[in-house]
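For reference, my_file08.csv (CSV, C-alpha atoms and all ligand atoms):
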chain,number,residue,atom,x,y,z
A,1,MET,CA,62.0,48.7,21.0
A,2,ARG,CA,58.4,47.9,20.3
A,3,LYS,CA,55.6,49.6,22.3
A,4,ASN,CA,53.2,47.9,24.7
A,5,ILE,CA,49.7,48.9,23.8
A,6,VAL,CA,46.2,48.3,25.2
A,7,ALA,CA,43.5,49.1,22.8
A,8,GLY,CA,39.7,49.0,23.4
A,9,ASN,CA,37.4,47.9,20.6
A,10,TRP,CA,33.9,49.1,21.6
A,11,LYS,CA,32.3,47.4,18.5
A,12,MET,CA,28.7,48.4,18.0
A,13,ASN,CA,28.1,49.4,21.6
A,14,THR,CA,27.1,52.7,23.3
A,15,THR,CA,24.9,55.5,22.2
A,16,LEU,CA,26.8,58.8,21.7
A,17,PRO,CA,26.1,60.1,25.3
A,18,GLU,CA,27.1,56.7,26.7
A,19,GLY,CA,30.3,56.7,24.6
A,20,ILE,CA,31.3,60.2,25.7
A,21,ALA,CA,30.8,59.2,29.3
A,22,LEU,CA,32.9,56.1,28.9
A,23,ALA,CA,35.7,58.0,27.1
A,24,LYS,CA,35.7,60.6,29.9
A,25,ALA,CA,35.8,57.9,32.5
A,26,VAL,CA,38.8,56.3,30.9
A,27,ASN,CA,40.5,59.6,30.4
A,28,GLU,CA,39.9,60.5,34.0
A,29,ALA,CA,41.2,57.2,35.3
A,30,LEU,CA,44.4,57.5,33.2
A,31,LYS,CA,45.2,60.8,35.1
A,32,ASN,CA,45.7,58.7,38.2
A,33,VAL,CA,48.0,56.0,36.9
A,34,ASP,CA,51.4,56.0,35.3
A,35,ALA,CA,50.5,53.8,32.4
A,36,LYS,CA,53.3,51.5,31.2
A,37,CYS,CA,51.7,51.2,27.8
A,38,ASP,CA,50.0,53.3,25.1
A,39,VAL,CA,46.3,53.3,25.6
A,40,VAL,CA,43.8,53.6,22.7
A,41,ILE,CA,40.0,53.4,22.4
A,42,GLY,CA,38.4,52.2,19.2
A,43,VAL,CA,34.9,53.7,19.0
A,44,PRO,CA,32.0,53.8,16.5
A,45,PHE,CA,32.3,56.4,13.7
A,46,THR,CA,29.5,58.5,15.1
A,47,HIS,CA,31.4,59.0,18.3
A,48,LEU,CA,34.9,60.0,16.9
A,49,ALA,CA,34.6,63.8,16.7
A,50,SER,CA,32.9,64.2,20.0
A,51,VAL,CA,35.2,61.8,21.9
A,52,ASN,CA,38.1,63.6,20.4
A,53,GLU,CA,37.0,66.7,22.2
A,54,VAL,CA,36.9,65.2,25.6
A,55,ILE,CA,40.1,63.2,25.9
A,56,ASP,CA,43.7,64.1,26.4
A,57,LYS,CA,45.3,62.8,23.2
A,58,ASN,CA,48.7,62.7,24.8
A,59,LYS,CA,47.5,60.0,27.1
A,60,LEU,CA,44.7,58.3,25.2
A,61,GLY,CA,44.7,57.5,21.5
A,62,LEU,CA,41.5,57.5,19.4
A,63,GLY,CA,40.7,55.0,16.7
A,64,ALA,CA,37.9,54.0,14.3
A,65,GLU,CA,36.8,50.4,13.9
A,66,ASN,CA,37.0,50.3,10.1
A,67,CYS,CA,37.4,52.5,7.1
A,68,ALA,CA,36.4,52.3,3.5
A,69,ASP,CA,38.5,50.7,0.7
A,70,HIS,CA,38.0,53.8,-1.5
A,71,ARG,CA,39.2,57.4,-1.0
A,72,SER,CA,35.8,59.1,-1.8
A,73,GLY,CA,32.9,59.0,-4.1
A,74,ALA,CA,29.7,57.1,-4.7
A,75,TYR,CA,29.9,54.6,-1.9
A,76,THR,CA,26.7,55.2,0.0
A,77,GLY,CA,27.1,54.5,3.7
A,78,GLU,CA,30.9,54.1,3.7
A,79,VAL,CA,33.3,56.2,5.8
A,80,SER,CA,36.7,56.9,4.3
A,81,ALA,CA,40.1,57.1,5.9
A,82,PRO,CA,40.4,60.9,5.2
A,83,MET,CA,37.0,61.3,7.0
A,84,VAL,CA,38.2,59.3,10.0
A,85,ALA,CA,41.5,61.3,10.1
A,86,SER,CA,39.6,64.6,10.0
A,87,THR,CA,37.8,63.8,13.3
A,88,GLY,CA,41.2,63.8,15.1
A,89,ALA,CA,41.4,60.0,15.2
A,90,ASN,CA,44.9,58.5,14.8
A,91,TYR,CA,44.2,54.7,14.7
A,92,VAL,CA,42.0,52.4,12.8
A,93,ILE,CA,41.1,48.8,13.5
A,94,LEU,CA,41.2,46.8,10.3
A,95,GLY,CA,40.4,43.3,9.3
A,96,HIS,CA,38.6,42.4,12.5
A,97,SER,CA,37.2,38.8,12.2
A,98,GLU,CA,33.6,40.2,12.6
A,99,ARG,CA,34.3,42.4,9.5
A,100,ARG,CA,35.7,39.4,7.6
A,101,GLN,CA,32.9,37.1,8.7
A,102,TYR,CA,29.8,39.2,8.5
A,103,TYR,CA,30.8,41.8,5.9
A,104,GLY,CA,32.9,39.7,3.5
A,105,GLU,CA,36.2,41.6,4.0
A,106,THR,CA,39.0,39.9,2.1
A,107,SER,CA,42.8,40.4,2.0
A,108,GLU,CA,42.2,42.2,-1.3
A,109,THR,CA,39.9,44.9,0.2
A,110,LEU,CA,42.0,45.0,3.4
A,111,LYS,CA,45.1,45.8,1.4
A,112,GLU,CA,43.4,48.9,0.0
A,113,LYS,CA,42.1,49.9,3.5
A,114,VAL,CA,45.6,49.6,5.0
A,115,LYS,CA,47.1,51.7,2.2
A,116,LEU,CA,44.5,54.4,2.6
A,117,ALA,CA,44.8,54.4,6.4
A,118,LEU,CA,48.6,54.9,6.1
A,119,GLU,CA,48.2,57.6,3.5
A,120,ASN,CA,46.1,59.5,6.0
A,121,ASN,CA,48.4,59.0,8.9
A,122,LEU,CA,46.1,56.5,10.7
A,123,THR,CA,47.9,53.7,12.4
A,124,PRO,CA,46.2,50.4,11.4
A,125,ILE,CA,45.6,47.9,14.2
A,126,PHE,CA,45.4,44.9,11.8
A,127,CYS,CA,43.6,41.8,13.1
A,128,ILE,CA,44.4,38.2,12.2
A,129,GLY,CA,43.3,34.9,13.6
A,130,GLU,CA,42.0,31.5,12.9
A,131,VAL,CA,38.5,30.0,13.5
A,132,LEU,CA,37.9,27.0,15.8
A,133,GLU,CA,37.9,24.5,12.9
A,134,GLN,CA,41.3,25.7,11.8
A,135,ARG,CA,42.7,25.5,15.4
A,136,GLU,CA,41.4,22.0,15.6
A,137,ASP,CA,42.6,20.8,12.2
A,138,GLY,CA,46.1,22.2,12.8
A,139,SER,CA,46.0,24.7,9.9
A,140,TYR,CA,46.1,27.8,12.2
A,141,PHE,CA,49.7,28.7,11.6
A,142,ASP,CA,49.2,28.6,7.8
A,143,VAL,CA,46.0,30.6,8.0
A,144,VAL,CA,47.5,33.4,10.1
A,145,LYS,CA,50.6,33.5,7.9
A,146,ALA,CA,48.5,33.9,4.8
A,147,GLN,CA,46.4,36.7,6.4
A,148,VAL,CA,49.6,38.6,7.2
A,149,GLU,CA,51.3,38.0,3.8
A,150,GLU,CA,48.3,38.6,1.6
A,151,ALA,CA,47.2,42.0,3.1
A,152,LEU,CA,50.5,43.4,4.3
A,153,PHE,CA,53.6,42.0,2.5
A,154,GLU,CA,53.4,44.4,-0.5
A,155,LEU,CA,54.1,47.2,1.9
A,156,SER,CA,57.6,48.8,2.1
A,157,ALA,CA,59.5,48.0,5.3
A,158,GLU,CA,58.9,51.7,6.3
A,159,ASP,CA,55.2,51.4,5.9
A,160,PHE,CA,55.0,47.9,7.5
A,161,SER,CA,56.8,49.4,10.6
A,162,LYS,CA,53.8,51.6,11.2
A,163,ILE,CA,51.4,48.7,11.6
A,164,ILE,CA,50.2,47.2,14.9
A,165,LEU,CA,49.1,43.6,14.6
A,166,ALA,CA,46.4,42.0,16.8
A,167,TYR,CA,46.2,38.2,17.0
A,168,GLU,CA,42.7,37.3,17.8
A,169,PRO,CA,41.8,33.6,17.7
A,170,VAL,CA,38.1,33.8,16.6
A,171,TRP,CA,37.1,31.0,19.0
A,172,ALA,CA,38.2,33.2,21.9
A,173,ILE,CA,36.4,36.4,20.9
A,174,GLY,CA,33.4,37.2,23.1
A,175,THR,CA,33.2,33.6,24.2
A,176,GLY,CA,35.0,33.8,27.6
A,177,LYS,CA,37.4,31.2,26.2
A,178,THR,CA,40.8,32.9,26.2
A,179,ALA,CA,43.8,31.3,24.5
A,180,THR,CA,46.2,30.2,27.2
A,181,ASP,CA,49.2,32.5,27.5
A,182,ASP,CA,51.3,29.7,26.0
A,183,GLN,CA,49.0,29.4,23.0
A,184,ALA,CA,49.2,33.2,22.5
A,185,GLU,CA,53.0,33.3,22.9
A,186,GLU,CA,53.4,30.4,20.5
A,187,MET,CA,51.5,32.2,17.8
A,188,HIS,CA,53.0,35.6,18.5
A,189,ALA,CA,56.5,34.2,18.2
A,190,PHE,CA,55.5,32.5,14.9
A,191,ILE,CA,54.1,35.8,13.5
A,192,ARG,CA,57.3,37.6,14.5
A,193,GLU,CA,59.3,34.9,12.7
A,194,VAL,CA,57.2,35.4,9.5
A,195,ILE,CA,57.8,39.2,9.7
A,196,GLU,CA,61.5,38.6,10.3
A,197,LYS,CA,61.8,36.4,7.2
A,198,LYS,CA,60.3,39.2,5.0
A,199,TYR,CA,61.5,42.4,6.6
A,200,GLY,CA,64.4,41.5,8.8
A,201,LYS,CA,65.0,41.3,12.5
A,202,GLU,CA,64.8,44.9,13.4
A,203,VAL,CA,61.4,45.4,11.9
A,204,ALA,CA,60.2,42.2,13.4
A,205,ASP,CA,61.5,43.2,16.9
A,206,ASN,CA,59.8,46.6,16.6
A,207,THR,CA,56.4,45.3,15.6
A,208,SER,CA,53.8,45.4,18.4
A,209,ILE,CA,51.7,42.2,18.4
A,210,LEU,CA,48.6,42.5,20.6
A,211,TYR,CA,46.5,39.5,21.8
A,212,GLY,CA,42.7,39.7,21.6
A,213,GLY,CA,39.9,37.4,22.7
A,214,SER,CA,38.3,37.4,26.1
A,215,CYS,CA,41.2,39.3,27.6
A,216,LYS,CA,40.3,40.7,31.0
A,217,PRO,CA,41.9,42.0,34.2
A,218,SER,CA,42.2,38.5,35.6
A,219,ASN,CA,44.2,37.0,32.7
A,220,ALA,CA,46.0,40.1,31.3
A,221,LYS,CA,49.0,40.0,33.5
A,222,ALA,CA,49.9,36.4,32.5
A,223,LEU,CA,49.3,37.1,28.8
A,224,PHE,CA,51.3,40.4,28.8
A,225,ALA,CA,54.2,38.7,30.7
A,226,LYS,CA,54.9,36.6,27.6
A,227,PRO,CA,57.9,38.0,25.7
A,228,ASN,CA,56.1,38.2,22.4
A,229,VAL,CA,52.7,39.5,23.7
A,230,ASP,CA,52.9,43.3,23.5
A,231,GLY,CA,49.4,44.1,24.8
A,232,GLY,CA,45.8,43.5,24.1
A,233,LEU,CA,42.9,44.4,21.9
A,234,ILE,CA,40.0,44.4,24.3
A,235,GLY,CA,36.3,44.0,23.3
A,236,GLY,CA,33.8,43.3,26.1
A,237,ALA,CA,36.1,44.4,29.0
A,238,SER,CA,36.7,47.8,27.3
A,239,LEU,CA,33.1,48.8,27.8
A,240,ASP,CA,33.6,49.4,31.5
A,241,ALA,CA,36.3,51.9,32.5
A,242,GLU,CA,37.3,50.0,35.6
A,243,SER,CA,37.8,46.7,33.9
A,244,PHE,CA,39.6,48.4,31.0
A,245,MET,CA,41.9,50.1,33.5
A,246,GLY,CA,42.4,46.7,35.2
A,247,ILE,CA,44.0,45.6,31.9
A,248,VAL,CA,45.9,48.8,31.3
A,249,THR,CA,47.6,48.5,34.7
A,250,ALA,CA,48.5,44.8,34.1
A,251,PHE,CA,51.7,46.3,32.7
A,252,GLU,CA,52.6,47.9,36.0
B,1,LIG,P1,36.5,40.3,23.4
B,1,LIG,O1,36.7,40.9,21.9
B,1,LIG,O2,37.5,40.9,24.3
B,1,LIG,O3,35.1,40.7,23.8
B,1,LIG,O4,36.6,38.8,23.3
B,1,LIG,C1,38.0,41.2,21.4
B,1,LIG,C2,37.9,41.7,20.0
B,1,LIG,O5,37.0,41.2,19.3
B,1,LIG,O6,38.6,42.6,19.6
Structure encoded using structure tokens:
Amino acid sequence: MRKNIVAGNWKMNTTLPEGIALAKAVNEALKNVDAKCDVVIGVPFTHLASVNEVIDKNKLGLGAENCADHRSGAYTGEVSAPMVASTGANYVILGHSERRQYYGETSETLKEKVKLALENNLTPIFCIGEVLEQREDGSYFDVVKAQVEEALFELSAEDFSKIILAYEPVWAIGTGKTATDDQAEEMHAFIREVIEKKYGKEVADNTSILYGGSCKPSNAKALFAKPNVDGGLIGGASLDAESFMGIVTAFE
């Protein structure tokens, strides 16, 4: 069966010393709980190699927040999937709405990123989600379906099975406005149906679909109790070890 996963997305936060301290604090806290989910932290590129040294990878996965859509070469400022993998990281967040919105990422570039991540044994945490206008005009199911189909549906069933999805309604990210657990469940069930139509029931049942957008200790339990919500992608609340652990333990 699919895994429950709680993944942090630190975004562009923490200096290197602050990031190491936060990673150590999460790592320490995990020693004292019997986590009922996989736990991952997504950290800035600059932190990956150092954080990799201070965490127990059997208990805490490490991810980047992006990777390039090319393998290597003259792409000043970019960081490739092989580079990310060489730090010890085993996950990469791809297609976050902030990347789509501020850095022009499209399904075409994301398709390449996903391919390169998989080639380098990085597990993509692939983000999808509608903006407020699309929620309000009712097109949100079509939008999310297209995001999944365009970037992922050329993958073989074997490769698709390696992907973690994160449904993050853009109107709920960093706004304090969480989707209700019923809204999350409705969309997650729909996404699973879309996957089932393409790859069959077994693949669909085994795909972890995380919810993201103002998830915090106070609402995580209700969200994670929904049958199609398999965990969370956590922004703001992952920047404090105690609140992050409050979400991790929502599975207990
Ligand atoms: P948030 O961010 O938890 O701060 O809303 C979630 C995300 O963007 O991944």
Do you know which residues are at most 9 Å from region 156-170 of chain A counting only C-alpha atoms, after dropping those on the same chain fewer than 2 positions away, and could you put them as a ChimeraX atom specification?
/A:96-98,114-115,118,123-132,135,144,148,152-154,172-174,178-179,184,187-188,191,198-200,203-204,206-213,231-233
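Atom pair CA of Ala222 (chain A) / CA of Gly246 (chain A) has a distance of 13.0 Å (rounded to one decimal).
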How many Å separate CA of Ala68 (chain A) from CA of Asn121 (chain A)?
14.8 Å
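Comparing A:Met83, A:Leu116, A:Val26, A:Leu94 by their smallest distance to Asp56 (chain A), the closest is A:Val26 (using only C-alpha atoms).
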Considering all atoms listed in the file, return as a ChimeraX atom specification whatever protein or nucleic-acid residues lie within 7 Å of Cys67 (chain A), sequence-local ones (same chain, fewer than 6 positions apart) excluded.
/A:79-81,113
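One finds CA of Ile93 (chain A) at 5.5 Å from CA of Asn66 (chain A).
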Mind listing whatever residues come within 9 Å of the point (41.2, 63.0, 16.6)? Use all atoms listed in the file, file coordinates, and give them as a PyMOL selection string.
chain A and resi 48-49+51-53+57+61-63+84-90
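Using only C-alpha atoms for every distance, the candidate list A:Glu18, A:Glu28, A:Glu133, A:Glu112 yields A:Glu28 as the residue closest to Glu242 (chain A).
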Within 8 Å of region 30-34 of chain A using only C-alpha atoms, minus same-chain residues under 4 positions, as a PDB file with C-alpha atoms, in the coordinates of the input:
ATOM      1  CA  VAL A  26      38.800  56.300  30.900  1.00  0.00           C
ATOM      2  CA  LYS A  59      47.500  60.000  27.100  1.00  0.00           C
ATOM      3  CA  MET A 245      41.900  50.100  33.500  1.00  0.00           C
ATOM      4  CA  THR A 249      47.600  48.500  34.700  1.00  0.00           C
TER       5      THR A 249
END
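Nearest residue to Gly8 (chain A), choosing from A:Gln183, A:Ser238, A:Ser243, A:Ser72 and counting all atoms listed in the file: A:Ser238.
Proximity of A:Ser107, A:Thr180, A:Asn4, A:Asn13 to Asp38 (chain A), computed with only C-alpha atoms, is greatest for A:Asn4.
Compared by their closest atoms to ligand LIG 1 (chain B), and using only C-alpha atoms and all ligand atoms, the residues A:Glu202, A:Glu252, A:Asp142, A:Asp240 rank with A:Asp240 nearest.
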With distances taken over all atoms listed in the file, which residue among A:Lys36, A:His47, A:Lys11, A:Lys145 lies nearest ligand LIG 1 (chain B)?
A:Lys11
